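Asker: For reference, the file query-v8.cif (mmCIF, C-alpha atoms) is included below:
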```cif
data_coords
loop_
_atom_site.label_atom_id
_atom_site.label_comp_id
_atom_site.auth_asym_id
_atom_site.auth_seq_id
_atom_site.Cartn_x
_atom_site.Cartn_y
_atom_site.Cartn_z
CA MET L 1 15.24 26.52 21.95
CA ARG L 2 15.08 24.66 18.60
CA LYS L 3 12.30 22.37 19.90
CA TRP L 4 10.32 25.40 21.07
CA ILE L 5 10.63 27.06 17.63
CA THR L 6 9.52 23.84 15.92
CA LYS L 7 6.45 23.55 18.16
CA LEU L 8 5.60 27.21 17.55
CA SER L 9 5.90 26.69 13.80
CA CYS L 10 3.55 23.70 13.96
CA VAL L 11 0.99 25.74 15.88
CA VAL L 12 1.20 28.59 13.35
CA PHE L 13 0.80 26.21 10.41
CA LEU L 14 -2.07 24.42 12.13
CA TRP L 15 -3.83 27.74 12.66
CA ALA L 16 -3.27 28.65 9.00
CA GLY L 17 -4.78 25.33 7.96
CA MET L 18 -7.87 25.97 10.01
CA GLN L 19 -8.47 29.22 8.15
CA VAL L 20 -9.19 27.28 4.94
CA GLN L 21 -11.51 24.71 6.50
CA ALA L 22 -14.55 26.27 4.89
CA GLN L 23 -12.94 26.64 1.45
CA GLU L 24 -13.35 24.20 -1.40
CA ILE L 25 -10.13 22.25 -1.73
CA ALA L 26 -8.88 20.11 -4.58
CA GLY L 27 -5.41 19.08 -5.51
CA ILE L 28 -2.91 16.63 -6.92
CA ALA L 29 -0.29 15.07 -4.65
CA THR L 30 2.72 13.11 -5.89
CA TYR L 31 4.00 10.19 -3.81
CA LYS L 32 7.20 8.16 -4.01
CA THR L 33 7.00 4.62 -2.69
CA LYS L 34 9.85 2.35 -1.71
CA THR L 35 9.65 -1.25 -0.57
CA THR L 36 12.58 -3.15 0.87
CA VAL L 37 12.93 -6.91 0.52
CA ASP L 38 14.90 -9.12 2.89
CA LEU L 39 15.85 -12.03 0.64
CA ASP L 40 16.96 -14.02 3.68
CA ALA L 41 13.30 -14.33 4.64
CA PHE L 42 12.79 -16.37 1.48
CA GLY L 43 15.77 -18.70 1.65
CA GLY L 44 18.30 -16.18 0.39
CA GLN L 45 21.02 -17.19 2.86
CA LYS L 46 22.48 -19.46 0.19
CA MET L 47 22.84 -16.55 -2.26
CA THR L 48 26.07 -14.65 -2.65
CA PRO L 49 26.05 -10.88 -2.06
CA GLN L 50 26.50 -10.40 -5.80
CA MET L 51 23.43 -12.53 -6.57
CA LYS L 52 21.33 -10.59 -4.07
CA GLU L 53 22.50 -7.29 -5.53
CA GLN L 54 21.60 -8.39 -9.07
CA ILE L 55 18.13 -9.54 -8.00
CA MET L 56 17.42 -6.32 -6.11
CA GLU L 57 18.58 -4.21 -9.06
CA ARG L 58 16.28 -6.09 -11.45
CA MET L 59 13.38 -5.68 -9.01
CA LYS L 60 13.97 -1.96 -8.53
CA SER L 61 11.22 -0.85 -10.90
CA MET L 62 8.77 -2.97 -8.90
CA LEU L 63 9.94 -1.75 -5.51
CA GLU L 64 10.30 1.98 -6.22
CA LYS L 65 7.32 3.68 -7.87
CA THR L 66 5.67 7.07 -8.28
CA TYR L 67 1.95 7.66 -7.79
CA THR L 68 -0.42 10.61 -8.03
CA LEU L 69 -3.40 11.25 -5.79
CA SER L 70 -6.09 13.46 -7.30
CA PHE L 71 -8.38 14.60 -4.50
CA THR L 72 -11.27 16.74 -3.38
CA LYS L 73 -12.87 16.74 0.05
CA SER L 74 -15.17 13.89 -0.93
CA GLU L 75 -13.33 11.87 -3.60
CA SER L 76 -9.84 10.69 -4.48
CA LEU L 77 -8.11 8.60 -7.14
CA TYR L 78 -4.68 7.08 -6.51
CA GLU L 79 -2.85 5.71 -9.55
CA GLU L 80 0.66 4.86 -10.65
CA GLU L 81 2.51 7.13 -13.04
CA GLU L 82 3.61 5.48 -16.26
CA SER L 83 7.35 4.96 -16.50
CA LEU L 84 9.92 3.38 -18.79
CA SER L 85 12.63 1.24 -17.22
CA SER L 86 15.38 -1.06 -18.43
CA ASN L 87 14.00 -3.64 -16.01
CA GLU L 88 10.43 -3.31 -17.27
CA GLY L 89 10.51 -6.77 -18.88
CA PHE L 90 11.59 -8.49 -15.67
CA ALA L 91 9.09 -6.51 -13.63
CA ALA L 92 6.31 -7.42 -16.05
CA MET L 93 7.26 -11.09 -15.83
CA VAL L 94 7.30 -11.16 -12.03
CA GLY L 95 4.43 -8.70 -11.58
CA GLY L 96 2.30 -10.49 -14.15
CA MET L 97 0.95 -12.68 -11.40
CA PHE L 98 -0.60 -9.67 -9.69
CA SER L 99 -0.73 -5.93 -10.26
CA GLN L 100 -2.69 -3.20 -8.54
CA GLY L 101 -4.36 -0.50 -10.59
CA ALA L 102 -6.17 2.70 -9.68
CA THR L 103 -7.72 3.06 -6.22
CA TYR L 104 -10.83 5.21 -5.77
CA THR L 105 -12.45 6.41 -2.56
CA ASN L 106 -15.65 8.37 -2.01
CA LEU L 107 -15.99 9.51 1.58
CA THR L 108 -19.49 10.93 1.13
CA LYS L 109 -20.97 7.79 -0.42
CA ASN L 110 -18.73 5.35 1.51
CA ILE L 111 -17.41 3.70 -1.67
CA PHE L 112 -14.10 1.93 -2.28
CA ALA L 113 -13.11 0.71 -5.75
CA GLN L 114 -9.83 -0.75 -6.95
CA GLU L 115 -8.71 -2.27 -10.24
CA ASN L 116 -6.50 -5.32 -9.83
CA GLU L 117 -5.10 -7.82 -12.31
CA LEU L 118 -4.58 -11.39 -11.14
CA MET L 119 -2.94 -13.95 -13.41
CA GLY L 120 -4.02 -12.15 -16.55
CA LYS L 121 -7.60 -11.42 -15.49
CA LYS L 122 -8.87 -7.99 -14.47
CA PHE L 123 -11.00 -7.50 -11.38
CA LEU L 124 -12.80 -4.48 -9.98
CA ILE L 125 -12.97 -4.70 -6.21
CA LYS L 126 -15.95 -2.60 -5.17
CA ASP L 127 -16.99 -2.36 -1.54
CA THR L 128 -17.56 0.01 1.36
CA LEU L 129 -14.61 1.86 2.86
CA GLU L 130 -12.68 0.05 5.57
CA THR L 131 -12.85 1.70 8.98
CA VAL L 132 -9.45 2.47 10.50
CA GLU L 133 -9.26 3.22 14.21
CA TRP L 134 -6.58 5.89 14.21
CA LYS L 135 -4.75 6.91 17.37
CA LEU L 136 -3.57 10.51 17.25
CA GLU L 137 -0.05 10.80 18.64
CA LYS L 138 1.73 13.83 20.12
CA GLU L 139 4.66 13.76 17.70
CA SER L 140 4.99 16.34 14.93
CA LYS L 141 7.49 17.25 12.23
CA MET L 142 7.81 19.26 9.05
CA ILE L 143 7.37 17.51 5.71
CA GLY L 144 8.42 20.05 3.15
CA GLN L 145 6.46 23.22 3.94
CA TYR L 146 3.73 21.38 5.86
CA ALA L 147 3.42 20.77 9.59
CA ALA L 148 2.63 17.08 9.96
CA PHE L 149 1.29 15.12 12.90
CA LYS L 150 1.61 11.42 13.60
CA ALA L 151 -1.19 8.87 13.81
CA THR L 152 -1.00 5.10 14.23
CA ALA L 153 -3.29 2.14 13.75
CA VAL L 154 -3.25 -1.64 13.84
CA LYS L 155 -4.39 -3.17 10.58
CA LYS L 156 -7.13 -5.76 10.76
CA THR L 157 -5.88 -9.11 9.47
CA ASP L 158 -7.54 -12.32 8.43
CA ASP L 159 -5.92 -14.90 10.73
CA ASP L 160 -7.42 -17.71 8.67
CA MET L 161 -5.77 -16.29 5.54
CA TRP L 162 -2.32 -16.25 7.15
CA LYS L 163 -2.87 -19.78 8.47
CA LYS L 164 -3.70 -21.05 4.99
CA ALA L 165 -0.69 -19.25 3.52
CA ARG L 166 1.61 -20.99 6.01
CA GLU L 167 -0.01 -24.32 5.27
CA ARG L 168 0.53 -23.83 1.53
CA ALA L 169 4.18 -22.96 2.06
CA LYS L 170 4.67 -26.01 4.25
CA GLU L 171 2.97 -28.24 1.69
CA TRP L 172 5.14 -26.86 -1.11
CA ARG L 173 8.35 -27.49 0.88
CA GLU L 174 7.29 -31.03 1.69
CA LYS L 175 6.55 -31.80 -1.97
CA ASN L 176 9.94 -30.46 -2.99
CA GLY L 177 11.87 -32.04 -0.12
CA GLU L 178 12.89 -28.69 1.30
CA GLU L 179 12.87 -27.39 4.84
CA MET L 180 12.51 -23.77 5.79
CA ASP L 181 15.40 -22.74 8.06
CA SER L 182 14.67 -21.10 11.39
CA VAL L 183 16.16 -17.76 10.27
CA SER L 184 13.74 -17.49 7.35
CA LEU L 185 10.79 -18.52 9.50
CA LYS L 186 11.55 -15.86 12.10
CA LYS L 187 12.01 -13.19 9.45
CA GLN L 188 8.71 -14.12 7.79
CA GLU L 189 6.90 -13.97 11.12
CA LYS L 190 8.37 -10.49 11.68
CA LEU L 191 7.27 -9.37 8.21
CA LEU L 192 3.70 -10.46 8.92
CA LYS L 193 3.68 -8.72 12.29
CA ASP L 194 5.17 -5.48 10.94
CA ALA L 195 2.60 -5.40 8.13
CA GLN L 196 -0.15 -4.99 10.73
CA ASN L 197 1.26 -1.79 12.23
CA ILE L 198 0.58 1.46 10.38
CA SER L 199 2.07 4.85 11.17
CA VAL L 200 1.24 7.93 9.12
CA TRP L 201 1.86 11.68 9.09
CA TYR L 202 -0.96 14.03 8.12
CA THR L 203 -1.23 17.80 7.78
CA PRO L 204 -4.26 19.86 8.91
CA GLN L 205 -2.98 22.57 6.56
CA ILE L 206 -4.70 20.62 3.80
CA PRO L 207 -8.00 19.80 5.54
CA VAL L 208 -9.17 16.81 3.52
CA LYS L 209 -9.56 13.31 4.96
CA GLN L 210 -7.75 11.73 2.02
CA GLY L 211 -4.49 9.87 1.59
CA PRO L 212 -2.56 7.50 -0.67
CA ASN L 213 -3.63 3.94 -1.44
CA SER L 214 -7.03 4.22 0.33
CA TYR L 215 -5.59 5.43 3.67
CA HIS L 216 -8.05 8.04 4.87
CA GLY L 217 -10.06 9.39 7.78
CA LEU L 218 -7.66 11.82 9.44
CA PRO L 219 -8.18 15.60 9.87
CA GLY L 220 -5.74 16.42 7.08
CA LEU L 221 -4.10 15.01 3.96
CA ILE L 222 -1.84 12.06 4.72
CA LEU L 223 1.68 12.91 3.52
CA GLU L 224 3.59 9.85 4.70
CA VAL L 225 2.75 6.21 5.35
CA ASN L 226 4.95 3.59 6.97
CA VAL L 227 3.59 0.05 6.92
CA GLY L 228 5.64 -3.13 7.03
CA ASN L 229 8.59 -2.80 4.69
CA THR L 230 7.01 -0.03 2.60
CA ILE L 231 7.20 3.74 2.91
CA ILE L 232 4.99 6.13 0.93
CA LEU L 233 6.18 9.75 0.99
CA CYS L 234 4.59 12.80 -0.59
CA SER L 235 7.08 14.80 -2.65
CA LYS L 236 4.79 17.47 -4.13
CA VAL L 237 1.32 18.95 -3.65
CA VAL L 238 -0.46 21.24 -6.11
CA LEU L 239 -3.57 22.79 -4.55
CA ASN L 240 -6.50 24.12 -6.57
CA PRO L 241 -4.79 23.89 -9.98
CA LYS L 242 -6.10 26.01 -12.84
CA GLU L 243 -7.33 22.96 -14.73
CA GLU L 244 -10.35 21.32 -13.14
CA ILE L 245 -9.60 17.99 -11.48
CA GLU L 246 -11.73 15.18 -12.83
CA ILE L 247 -12.08 12.09 -10.67
CA GLU L 248 -13.83 9.06 -12.10
CA MET L 249 -14.45 5.74 -10.42
CA PRO L 250 -12.67 2.81 -12.14
CA ASP L 251 -15.00 0.52 -14.05
CA SER L 252 -12.72 -2.06 -15.68
CA GLY L 253 -12.80 -5.73 -14.71
CA GLU L 254 -15.12 -8.30 -13.17
CA GLU L 255 -16.82 -6.71 -10.17
CA VAL L 256 -16.22 -8.48 -6.85
CA THR L 257 -16.26 -7.65 -3.15
CA ARG L 258 -13.13 -7.73 -0.98
CA LYS L 259 -14.19 -11.08 0.45
CA GLU L 260 -14.84 -12.57 -2.98
CA TYR L 261 -11.50 -11.32 -4.29
CA ALA L 262 -9.68 -12.76 -1.25
CA GLU L 263 -11.29 -16.14 -1.93
CA ILE L 264 -10.27 -16.01 -5.60
CA THR L 265 -6.71 -15.08 -4.61
CA GLU L 266 -6.63 -17.98 -2.17
CA GLU L 267 -7.82 -20.41 -4.83
CA LYS L 268 -5.31 -19.23 -7.46
CA SER L 269 -2.47 -19.33 -4.89
CA GLN L 270 -3.33 -22.94 -4.12
CA GLU L 271 -3.34 -23.76 -7.83
CA MET L 272 0.13 -22.27 -8.19
CA MET L 273 1.37 -24.32 -5.25
CA ASP L 274 -0.05 -27.45 -6.87
CA ARG L 275 1.40 -26.61 -10.25
CA TYR L 276 4.92 -25.68 -9.19
CA GLY L 277 5.02 -28.05 -6.24
CA GLY L 278 4.66 -31.10 -8.43
CA GLY L 279 0.88 -31.52 -7.99
CA LYS L 280 -1.87 -31.07 -10.53
CA SER L 281 -3.74 -27.83 -10.87
CA ARG L 282 -7.46 -28.05 -10.29
CA ARG L 283 -7.98 -25.53 -13.08
CA GLY L 284 -5.77 -24.35 -15.88
CA GLY L 285 -6.43 -20.67 -15.21
CA PHE L 286 -9.41 -18.37 -15.47
#
```
Can you give me the file's structure in the form of structure tokens?
Answerer:
Amino acid sequence: MRKWITKLSCVVFLWAGMQVQAQEIAGIATYKTKTTVDLDAFGGQKMTPQMKEQIMERMKSMLEKTYTLSFTKSESLYEEEESLSSNEGFAAMVGGMFSQGATYTNLTKNIFAQENELMGKKFLIKDTLETVEWKLEKESKMIGQYAAFKATAVKKTDDDMWKKARERAKEWREKNGEEMDSVSLKKQEKLLKDAQNISVWYTPQIPVKQGPNSYHGLPGLILEVNVGNTIILCSKVVLNPKEEIEIEMPDSGEEVTRKEYAEITEEKSQEMMDRYGGGKSRRGGF
């Protein structure tokens, strides 16, 4: 009986969503993100439970964040909310290597733009939108007041990139006389595999093809994303607020394509391996 009521509710909400298809829609959605870290995948077996707990507590501000998505039917801007934390100094130190800024999408013009900072230098990744081949599933559930439906996809990966990453890790261990234990290797392989599988929940009640962190292309706003060890969950949606929503494309940083940025990241990663692995860096920075 309960399942039947739930299905009926979903149908009613879906019908209600269809009634606003022709209306202009704009809004601001708030998302909470949480990432879990298995320290054992990075040699943490030698740590005591107390050490692991201390590390996770200090990383909390990096692993649990709040974002806002400003959206219309054609554009969206996803950016982190500013926050003050007692662990901000530690997060800044660790996150100083890389930090992701605002993410912009324009569905009409097929534009993707994202501000990133890598080792103290700002980049503006500007490219076309990535095509995601979504599979619409039969599952549904309520997320707050919205009827949500499940969709899945397999993320495209650069096999050559993962191969180089493994080679760098192996090289670093050899230079430092360390060997990666089988437990860590298996856990890392699982992390890489899980990061390719995406499952999301979207609601046709808000008929825009937008979503957090550049996820898009479904017949309704994406309210929840599960990918790898990260979950992104919408906690609040304000539709058609009184104040006009202004969405501007980011313009800060050296403009590069996704491919160019990946190559720069690869180069700087290799430099770090050389520097901290006992070798000499080819360049001293940017």
Asker: Considering only C-alpha atoms, return as a PyMOL selection string whatever protein or nucleic-acid residues lie within 6 Å of range 66-68 of chain L, sequence-local ones (same chain, fewer than 5 positions apart) excluded.
Answerer: chain L and resi 29-32+78-81
Asker: Rounded to one decimal place, report the CA of Asn106 in chain L-CA of Thr131 in chain L distance in Å.
Answerer: 13.2 Å
Asker: Would you mind reading off the distance between CA of Glu117 in chain L and CA of Gln100 in chain L, one decimal, in Å?
Answerer: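 If I compute the distance from CA of Glu117 in chain L to CA of Gln100 in chain L, I get 6.4 Å.
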Asker: Would you kindly return, as a PyMOL selection string, each protein, DNA or RNA residue with an atom no farther than 9 Å from any atom of Leu63 in chain L, considering all atoms listed in the file and excluding same-chain residues fewer than 5 positions away?
Answerer: chain L and resi 33-37+56+230
Asker: Using the file's own x, y and z axes, so that the box edges lie along x, y and z, what centre and edge lengths in Å (one decimal) does a box around every listed atom of range 119-125 of chain L get when 8 Å is added on each side? Give it as JSON.
Answerer:
```
{"center_x": -8.0, "center_y": -9.2, "center_z": -11.4, "size_x": 26.0, "size_y": 25.5, "size_z": 26.3}
```
Asker: Please write the residues picked by the PyMOL selection byres ((chain L and resi 208) around 6) on this file as a ChimeraX atom specification.
Answerer: /L:73,206-207,209-210,220-221
Asker: Please enumerate the residues selected by the PyMOL selection byres ((chain L and resi 242-259) around 8) when evaluated against the supplied file, formatted as a compact mmCIF listing (two decimals) with C-alpha atoms, in the frame of the given file.
Answerer:
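Ended up saving to result25.txt:
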```
# COMPACT_ATOMS: atom_id res chain seq x y z
CA ALA L 26 -8.88 20.11 -4.58
CA GLY L 27 -5.41 19.08 -5.51
CA SER L 70 -6.09 13.46 -7.30
CA PHE L 71 -8.38 14.60 -4.50
CA GLU L 75 -13.33 11.87 -3.60
CA SER L 76 -9.84 10.69 -4.48
CA LEU L 77 -8.11 8.60 -7.14
CA ALA L 102 -6.17 2.70 -9.68
CA THR L 103 -7.72 3.06 -6.22
CA TYR L 104 -10.83 5.21 -5.77
CA ALA L 113 -13.11 0.71 -5.75
CA GLN L 114 -9.83 -0.75 -6.95
CA GLU L 115 -8.71 -2.27 -10.24
CA ASN L 116 -6.50 -5.32 -9.83
CA LYS L 121 -7.60 -11.42 -15.49
CA LYS L 122 -8.87 -7.99 -14.47
CA PHE L 123 -11.00 -7.50 -11.38
CA LEU L 124 -12.80 -4.48 -9.98
CA ILE L 125 -12.97 -4.70 -6.21
CA LYS L 126 -15.95 -2.60 -5.17
CA ASP L 127 -16.99 -2.36 -1.54
CA ASN L 240 -6.50 24.12 -6.57
CA PRO L 241 -4.79 23.89 -9.98
CA GLU L 260 -14.84 -12.57 -2.98
CA TYR L 261 -11.50 -11.32 -4.29
CA ALA L 262 -9.68 -12.76 -1.25
CA GLU L 263 -11.29 -16.14 -1.93
```
Asker: Could you please determine the separation between CA of Ser214 in chain L and CA of Gly101 in chain L in Å, to one decimal place?
Answerer: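 We find that CA of Ser214 in chain L and CA of Gly101 in chain L lie 12.2 Å from each other.
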Asker: Might you spell out which residues the PyMOL selection byres ((chain L and resi 202) around 12) would select in the displayed file, as a PyMOL selection string?
Answerer: chain L and resi 14+17+134+136-137+139-143+146-152+199-201+203-212+215-225+233-234
Asker: Only C-alpha atoms, please: the residues just picked out, written as a PDB file, in the coordinates of the input.
Answerer:
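Saved result, again-v6.pdb, follows:
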```pdb
ATOM      1  CA  LEU L  14      -2.070  24.420  12.130  1.00  0.00           C
ATOM      2  CA  GLY L  17      -4.780  25.330   7.960  1.00  0.00           C
ATOM      3  CA  TRP L 134      -6.580   5.890  14.210  1.00  0.00           C
ATOM      4  CA  LEU L 136      -3.570  10.510  17.250  1.00  0.00           C
ATOM      5  CA  GLU L 137      -0.050  10.800  18.640  1.00  0.00           C
ATOM      6  CA  GLU L 139       4.660  13.760  17.700  1.00  0.00           C
ATOM      7  CA  SER L 140       4.990  16.340  14.930  1.00  0.00           C
ATOM      8  CA  LYS L 141       7.490  17.250  12.230  1.00  0.00           C
ATOM      9  CA  MET L 142       7.810  19.260   9.050  1.00  0.00           C
ATOM     10  CA  ILE L 143       7.370  17.510   5.710  1.00  0.00           C
ATOM     11  CA  TYR L 146       3.730  21.380   5.860  1.00  0.00           C
ATOM     12  CA  ALA L 147       3.420  20.770   9.590  1.00  0.00           C
ATOM     13  CA  ALA L 148       2.630  17.080   9.960  1.00  0.00           C
ATOM     14  CA  PHE L 149       1.290  15.120  12.900  1.00  0.00           C
ATOM     15  CA  LYS L 150       1.610  11.420  13.600  1.00  0.00           C
ATOM     16  CA  ALA L 151      -1.190   8.870  13.810  1.00  0.00           C
ATOM     17  CA  THR L 152      -1.000   5.100  14.230  1.00  0.00           C
ATOM     18  CA  SER L 199       2.070   4.850  11.170  1.00  0.00           C
ATOM     19  CA  VAL L 200       1.240   7.930   9.120  1.00  0.00           C
ATOM     20  CA  TRP L 201       1.860  11.680   9.090  1.00  0.00           C
ATOM     21  CA  THR L 203      -1.230  17.800   7.780  1.00  0.00           C
ATOM     22  CA  PRO L 204      -4.260  19.860   8.910  1.00  0.00           C
ATOM     23  CA  GLN L 205      -2.980  22.570   6.560  1.00  0.00           C
ATOM     24  CA  ILE L 206      -4.700  20.620   3.800  1.00  0.00           C
ATOM     25  CA  PRO L 207      -8.000  19.800   5.540  1.00  0.00           C
ATOM     26  CA  VAL L 208      -9.170  16.810   3.520  1.00  0.00           C
ATOM     27  CA  LYS L 209      -9.560  13.310   4.960  1.00  0.00           C
ATOM     28  CA  GLN L 210      -7.750  11.730   2.020  1.00  0.00           C
ATOM     29  CA  GLY L 211      -4.490   9.870   1.590  1.00  0.00           C
ATOM     30  CA  PRO L 212      -2.560   7.500  -0.670  1.00  0.00           C
ATOM     31  CA  TYR L 215      -5.590   5.430   3.670  1.00  0.00           C
ATOM     32  CA  HIS L 216      -8.050   8.040   4.870  1.00  0.00           C
ATOM     33  CA  GLY L 217     -10.060   9.390   7.780  1.00  0.00           C
ATOM     34  CA  LEU L 218      -7.660  11.820   9.440  1.00  0.00           C
ATOM     35  CA  PRO L 219      -8.180  15.600   9.870  1.00  0.00           C
ATOM     36  CA  GLY L 220      -5.740  16.420   7.080  1.00  0.00           C
ATOM     37  CA  LEU L 221      -4.100  15.010   3.960  1.00  0.00           C
ATOM     38  CA  ILE L 222      -1.840  12.060   4.720  1.00  0.00           C
ATOM     39  CA  LEU L 223       1.680  12.910   3.520  1.00  0.00           C
ATOM     40  CA  GLU L 224       3.590   9.850   4.700  1.00  0.00           C
ATOM     41  CA  VAL L 225       2.750   6.210   5.350  1.00  0.00           C
ATOM     42  CA  LEU L 233       6.180   9.750   0.990  1.00  0.00           C
ATOM     43  CA  CYS L 234       4.590  12.800  -0.590  1.00  0.00           C
TER      44      CYS L 234
END
```
